[in-house]
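Everything below concerns the one structure shown next.
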Amino acid sequence: TPVAAAIDDLNGDGNPDLAVAIPNGTNPGDVVVLLNNGTVGNTWQGFGTTIQLAVGVDPRGIDIGDFDATGGLDIAIANSADGTVQVFANDGLLSPSFVSAGEINVGNFPQDVLFANLDNDKWDDLAVAVSGDDAVRVFEDLGGALYSTGSSSVLLTAAEPVSLVSANLDNDKWDDLAVVNFAGNTLQRFFNLGSGVIDPMPASSPVGAGPMQLIAADLDLDGLPDLATANMLGDSVSVLRSTGAGNFAPAVNLPVGGAALSIAAVNLDPDEVGQGDLDLAVVVDGGASNVIEVLRNDYDAVNDQLIFAPATTLTAGGNPTLVLSSDLNADGQDDLVTVNDESGAPAPAGARGPTPTNDIGVLLQSIAVQPCPGDVDGDGSTGTADITFVVSNLGAGSPGAQGTPGDANGDGVTDVSDITFVVSNLGCDIE
């Protein structure tokens with residue numbers, strides 16, 4: 001069963017690719033990378049080429065970032081049973097290759113790993129949620145070499161930290177860290193004092209029972225990151241709204257239809273593409289199989305109130321265990337990716353893990369494309385060919401008639417006024 005995934009552009013083609021962590025019992029696990037085939041015309045070509053990386057035992061966390069500032073984005077894996085983090089360096093080619101840059105011992109049962117540029121240089125540092133030690137370990141990147149244990153710091157947390165994010169929580173110039181603690185039912189914020197020096201005394205907030213995943217997203221359009229958690233034992237999502245200067249309002253717990261296992265922020269309002277408020281998509285244990293539920297964000301800008309509608313089920317297919325959001329087809333809209341439980345599903349010979357057709361669900365958003373005014377020949381653009389089309393149909397139709405060939409202005413008759421209408425719209429092209 002896939003337990004963690006990350007999405008970003010791994011081969012430099014501008015399209016987000018997917019990396020999925022797959023445990024294999026007490027045996028070494030795998031990371032499977034699926035490359036995005038991009039878009040041809042207006043049609044997304046799906047995920048294609050898969051790359052399989054052998055990792056340690058019980059991989060639980062994965063992230064994509066840049067540890068060496070060369071080539072492409074790299075991959076980090078937290079292997080829980082081994083107590084290690086592995087880093088794979090990416091050559092950044094269109095058909096990328098990943099080479100192990102080594103591994104570091106991090107402690108007992110790491111559950112999450114995060115690339116974060118905490119000192120504002122050109123290399124990402126590394127943060128690890130070490131559940132068995134009730135700690136977050138931070139490893140400074142010393143210039144593209146493997147992270148040194150000698151330059152690490154230990155941040156003590158509440159019980160069983162499992163999920164990390166980095167964001168500028170207090171609106172200075174430094175990214176901070178936030179973590180949720182599964183057994184502690186808390187969210188803790190560790191503030192960056194500057195140049196990667198993290199204050200070991202966190203600000204804490206209670207959240208719903210058994211938080212599994214934490215995300216940061218601007219839910220109220222004020223330019224500040226808010227926080228949300230998926231709560232496995234609480235059957236809920238906790239939302240904490242930033243009030244500025246690193247402070248957050250108490251958590252509001254939003255009920256969902258079962259154990260909340262994974263969460264993503266996504267703009268699902270087609271009339272607000274690119275500027276609307278972000279909704280929350282949640283993987284929920286539905287009993288016989290998992291489902292995706294959506295908490296629609298109805299932020300009231302007039303009264304500055306963050307309001308979420310009751311959860312509704314989104315048809316996704318399969319048995320999702322993870323949900324992520326990204327613009328897969330470069331149309332400027334958020335899409336949803338679900339990673340499904342691949343137990344028993346066919347896989348390529350000698351391979352384990354998700355296949356593009358069986359185990360990855362994709363929900364592409366669509367928005368109606370307005371036709372070009374004056375495009376009477378239906379080729380998607382308004383040009384001289386449309387003038388010719390109007391001329392060839394002059395005199396057709398009658399006032400109020402529907403569907404008259406060449407009737408660009410919709411009055412039912414094809415005449416000189418349609419030529420004028422086409423000329424006034426020359427150059428429109430929906431492509």
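Chain lettering (A, B, ...) mirrors the order of the structure tokens, residue numbering begins at 1 for each chain separately, and ligand numbering begins at 1 in order of display.
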Can you tell me which residues surround Asp300 (chain A) at a distance of at most 12 Å, considering only C-alpha atoms, apart from same-chain residues fewer than 5 positions away, and format the answer as a compact mmCIF listing (two decimals) with N, CA, C and O atoms, in the first residue's frame?
# COMPACT_ATOMS: atom_id res chain seq x y z
N LEU A 219 -5.85 30.03 3.05
CA LEU A 219 -7.27 29.70 2.89
C LEU A 219 -8.16 30.92 2.86
O LEU A 219 -9.31 30.83 2.41
N ASP A 220 -7.68 32.06 3.36
CA ASP A 220 -8.52 33.25 3.44
C ASP A 220 -7.99 34.42 2.60
O ASP A 220 -8.42 35.57 2.77
N LEU A 221 -7.06 34.13 1.71
CA LEU A 221 -6.61 35.10 0.71
C LEU A 221 -5.99 36.36 1.32
O LEU A 221 -6.07 37.44 0.74
N GLY A 276 -9.41 32.09 -6.78
CA GLY A 276 -10.41 31.75 -5.79
C GLY A 276 -9.80 31.19 -4.52
O GLY A 276 -8.62 30.90 -4.42
N ASP A 277 -10.65 31.03 -3.50
CA ASP A 277 -10.21 30.45 -2.25
C ASP A 277 -10.00 28.94 -2.43
O ASP A 277 -10.61 28.29 -3.26
N GLN A 305 -14.79 36.09 7.24
CA GLN A 305 -15.09 34.84 7.93
C GLN A 305 -14.70 33.66 7.06
O GLN A 305 -15.06 33.61 5.87
N LEU A 306 -13.97 32.72 7.65
CA LEU A 306 -13.57 31.50 6.95
C LEU A 306 -14.65 30.46 7.21
O LEU A 306 -14.83 30.00 8.35
N ILE A 307 -15.38 30.09 6.16
CA ILE A 307 -16.53 29.20 6.29
C ILE A 307 -16.35 28.02 5.35
O ILE A 307 -16.05 28.20 4.16
N PHE A 308 -16.53 26.81 5.87
CA PHE A 308 -16.47 25.62 5.04
C PHE A 308 -17.83 24.93 5.01
O PHE A 308 -18.47 24.75 6.06
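Summary of the local environment: counting only C-alpha atoms, residues at most 8 Å from region 337-342 of chain A, other than itself and those fewer than 5 positions away along its chain, are Thr1, Pro2, Ala5, Ala316, Gly318, Asn319, Pro320, Thr321, Leu322, Val323, Leu324, Ser325, Ser326, Gly353, Pro354, Asn358, Asp359, Ile360, Gly361, Val362 and Leu363 of chain A.
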**OP:** Please identify all polymer residues within 9 Å of Trp174 (chain A), counting only C-alpha atoms, omitting same-chain residues fewer than 4 positions from it, and present them as a list in words.
**Re:** Asn117, Leu118, Asp119, Asn120, Ala167, Asn168, Leu169, Asp170, Phe191, Asn192, Leu193, Gly194, Ser195 and Gly196 of chain A
Please identify all polymer residues within 12 Å of Val239 (chain A), counting only C-alpha atoms, omitting same-chain residues fewer than 4 positions from it, and present them as a short mmCIF file (atom, residue, chain, number, x, y, z; two decimals) with N, CA, C and O atoms, in the first residue's frame.
data_model
loop_
_atom_site.label_atom_id
_atom_site.label_comp_id
_atom_site.auth_asym_id
_atom_site.auth_seq_id
_atom_site.Cartn_x
_atom_site.Cartn_y
_atom_site.Cartn_z
N LEU A 187 -0.50 20.50 17.29
CA LEU A 187 0.26 21.09 16.19
C LEU A 187 1.24 22.06 16.84
O LEU A 187 0.84 22.92 17.63
N SER A 205 -0.75 24.20 19.58
CA SER A 205 -2.20 24.32 19.47
C SER A 205 -2.79 22.92 19.46
O SER A 205 -2.31 22.04 18.74
N PRO A 206 -3.86 22.67 20.23
CA PRO A 206 -4.54 21.38 20.15
C PRO A 206 -5.29 21.25 18.83
O PRO A 206 -5.83 22.23 18.30
N VAL A 207 -5.32 20.03 18.30
CA VAL A 207 -6.07 19.73 17.08
C VAL A 207 -6.89 18.47 17.33
O VAL A 207 -6.87 17.91 18.44
N GLY A 208 -7.59 17.99 16.31
CA GLY A 208 -8.38 16.78 16.45
C GLY A 208 -7.52 15.57 16.75
O GLY A 208 -6.30 15.58 16.59
N PRO A 211 -3.84 13.31 14.52
CA PRO A 211 -3.53 13.97 13.25
C PRO A 211 -2.50 13.18 12.45
O PRO A 211 -1.48 12.77 12.98
N LEU A 214 -0.31 17.22 7.84
CA LEU A 214 -0.39 18.66 8.01
C LEU A 214 -0.10 19.33 6.68
O LEU A 214 0.81 18.93 5.96
N ILE A 215 -0.89 20.35 6.34
CA ILE A 215 -0.60 21.15 5.16
C ILE A 215 -0.67 22.63 5.54
O ILE A 215 -1.33 23.02 6.51
N ALA A 216 0.04 23.45 4.77
CA ALA A 216 -0.01 24.91 4.89
C ALA A 216 -0.56 25.48 3.60
O ALA A 216 -0.10 25.10 2.51
N ALA A 217 -1.55 26.36 3.69
CA ALA A 217 -2.15 26.97 2.50
C ALA A 217 -2.86 28.25 2.93
O ALA A 217 -3.39 28.33 4.04
N ASP A 218 -2.90 29.21 2.04
CA ASP A 218 -3.59 30.48 2.31
C ASP A 218 -5.08 30.28 2.02
O ASP A 218 -5.52 30.38 0.87
N LEU A 219 -5.85 30.03 3.05
CA LEU A 219 -7.27 29.70 2.89
C LEU A 219 -8.16 30.92 2.86
O LEU A 219 -9.31 30.83 2.41
N ASP A 220 -7.68 32.06 3.36
CA ASP A 220 -8.52 33.25 3.44
C ASP A 220 -7.99 34.42 2.60
O ASP A 220 -8.42 35.57 2.77
N PRO A 225 0.06 32.03 5.37
CA PRO A 225 -0.28 30.60 5.34
C PRO A 225 -1.12 30.20 6.55
O PRO A 225 -0.77 30.50 7.70
N ASP A 226 -2.23 29.55 6.29
CA ASP A 226 -3.03 28.91 7.32
C ASP A 226 -2.62 27.44 7.39
O ASP A 226 -1.89 26.95 6.53
N LEU A 227 -3.11 26.71 8.39
CA LEU A 227 -2.71 25.33 8.59
C LEU A 227 -3.95 24.45 8.69
O LEU A 227 -4.99 24.87 9.22
N ALA A 228 -3.82 23.21 8.19
CA ALA A 228 -4.93 22.26 8.28
C ALA A 228 -4.37 20.86 8.49
O ALA A 228 -3.31 20.52 7.95
N THR A 229 -5.08 20.06 9.29
CA THR A 229 -4.64 18.71 9.59
C THR A 229 -5.74 17.71 9.26
O THR A 229 -6.93 18.00 9.44
N ALA A 230 -5.33 16.54 8.81
CA ALA A 230 -6.24 15.41 8.62
C ALA A 230 -6.13 14.52 9.84
O ALA A 230 -5.05 14.01 10.14
N ASN A 231 -7.25 14.33 10.55
CA ASN A 231 -7.24 13.65 11.83
C ASN A 231 -7.84 12.25 11.73
O ASN A 231 -9.05 12.09 11.55
N PHE A 248 -2.00 32.04 15.63
CA PHE A 248 -3.07 31.34 14.93
C PHE A 248 -4.30 31.25 15.84
O PHE A 248 -4.17 31.07 17.07
N ALA A 249 -5.47 31.38 15.24
CA ALA A 249 -6.71 31.19 15.99
C ALA A 249 -6.83 29.73 16.40
O ALA A 249 -6.21 28.85 15.79
N PRO A 250 -7.61 29.45 17.45
CA PRO A 250 -7.80 28.05 17.85
C PRO A 250 -8.35 27.22 16.69
O PRO A 250 -9.05 27.72 15.80
N ALA A 251 -8.02 25.94 16.70
CA ALA A 251 -8.44 25.05 15.63
C ALA A 251 -9.96 24.94 15.57
O ALA A 251 -10.64 24.84 16.60
N VAL A 252 -10.48 24.95 14.36
CA VAL A 252 -11.88 24.64 14.10
C VAL A 252 -11.90 23.24 13.51
O VAL A 252 -11.27 22.98 12.48
N ASN A 253 -12.63 22.31 14.15
CA ASN A 253 -12.67 20.92 13.71
C ASN A 253 -13.88 20.69 12.83
O ASN A 253 -15.02 20.86 13.26
N LEU A 254 -13.61 20.30 11.58
CA LEU A 254 -14.65 20.08 10.59
C LEU A 254 -14.87 18.58 10.44
O LEU A 254 -13.94 17.85 10.10
N PRO A 255 -16.08 18.07 10.67
CA PRO A 255 -16.30 16.63 10.61
C PRO A 255 -16.27 16.11 9.17
O PRO A 255 -16.71 16.77 8.23
N ILE A 263 -4.73 14.81 3.04
CA ILE A 263 -5.41 16.08 2.77
C ILE A 263 -4.61 16.89 1.76
O ILE A 263 -3.37 16.82 1.72
N ALA A 265 -4.91 20.93 -0.40
CA ALA A 265 -5.62 22.17 -0.69
C ALA A 265 -5.71 22.33 -2.20
O ALA A 265 -4.71 22.18 -2.92
N ASP A 279 -10.14 25.05 -1.51
CA ASP A 279 -10.95 24.05 -0.84
C ASP A 279 -10.03 22.96 -0.30
O ASP A 279 -8.83 22.92 -0.59
N LEU A 280 -10.60 22.04 0.48
CA LEU A 280 -9.82 20.95 1.06
C LEU A 280 -10.36 19.62 0.56
O LEU A 280 -11.56 19.34 0.69
N LEU A 295 -14.29 19.58 1.40
CA LEU A 295 -14.79 20.66 2.24
C LEU A 295 -14.65 21.95 1.44
O LEU A 295 -13.55 22.46 1.26
N ASN A 297 -14.61 25.69 0.49
CA ASN A 297 -14.28 26.93 1.18
C ASN A 297 -15.18 28.05 0.65
O ASN A 297 -15.08 28.43 -0.52
N LEU A 306 -13.97 32.72 7.65
CA LEU A 306 -13.57 31.50 6.95
C LEU A 306 -14.65 30.46 7.21
O LEU A 306 -14.83 30.00 8.35
N ILE A 307 -15.38 30.09 6.16
CA ILE A 307 -16.53 29.20 6.29
C ILE A 307 -16.35 28.02 5.35
O ILE A 307 -16.05 28.20 4.16
N PHE A 308 -16.53 26.81 5.87
CA PHE A 308 -16.47 25.62 5.04
C PHE A 308 -17.83 24.93 5.01
O PHE A 308 -18.47 24.75 6.06
#
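Reported to one decimal place, the separation of CA of Leu35 (chain A) from CA of Phe139 (chain A) is 29.0 Å.
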Original post:
Can you list, as JSON, numbers by chain, every residue of region 200-359 of chain A that DSSP puts in strand (DSSP E or B)?
Top reply: {"A": [203, 204, 205, 206, 211, 212, 213, 214, 215, 216, 217, 226, 227, 228, 229, 230, 231, 236, 237, 238, 239, 240, 242, 243, 244, 247, 248, 252, 253, 254, 255, 260, 261, 262, 263, 264, 265, 266, 279, 280, 281, 282, 283, 284, 285, 290, 291, 292, 293, 294, 295, 297, 300, 305, 308, 312, 313, 314, 320, 321, 322, 323, 324, 325, 326, 335, 336, 337, 338, 339, 340]}
Subject >> Contacts of Val390 (chain A) within 7 Å, only C-alpha atoms, excl. fewer than 4 positions in-chain, as an MDAnalysis selection string >> reply: chainID A and resid 386 394 406 414 418:419
Please produce an output containing N, CA and C atoms for each residue in the selection, written as a PDB file, in the first residue's frame.
ATOM      1  N   ASP A 386     -12.869  33.509 -41.975  1.00  0.00           N
ATOM      2  CA  ASP A 386     -14.247  33.749 -41.537  1.00  0.00           C
ATOM      3  C   ASP A 386     -14.916  34.805 -42.412  1.00  0.00           C
ATOM      4  N   LEU A 394     -23.660  35.272 -47.974  1.00  0.00           N
ATOM      5  CA  LEU A 394     -24.458  36.489 -47.938  1.00  0.00           C
ATOM      6  C   LEU A 394     -25.869  36.241 -48.455  1.00  0.00           C
ATOM      7  N   GLY A 406     -22.722  31.735 -41.451  1.00  0.00           N
ATOM      8  CA  GLY A 406     -22.105  33.041 -41.624  1.00  0.00           C
ATOM      9  C   GLY A 406     -22.715  34.143 -40.804  1.00  0.00           C
ATOM     10  N   THR A 414     -27.389  36.653 -42.713  1.00  0.00           N
ATOM     11  CA  THR A 414     -25.988  36.851 -43.069  1.00  0.00           C
ATOM     12  C   THR A 414     -25.902  38.010 -44.055  1.00  0.00           C
ATOM     13  N   ASP A 418     -22.351  41.331 -40.653  1.00  0.00           N
ATOM     14  CA  ASP A 418     -21.581  40.201 -40.128  1.00  0.00           C
ATOM     15  C   ASP A 418     -20.111  40.326 -40.519  1.00  0.00           C
ATOM     16  N   ILE A 419     -19.862  40.853 -41.712  1.00  0.00           N
ATOM     17  CA  ILE A 419     -18.471  41.103 -42.106  1.00  0.00           C
ATOM     18  C   ILE A 419     -17.841  42.100 -41.144  1.00  0.00           C
TER      19      ILE A 419
END
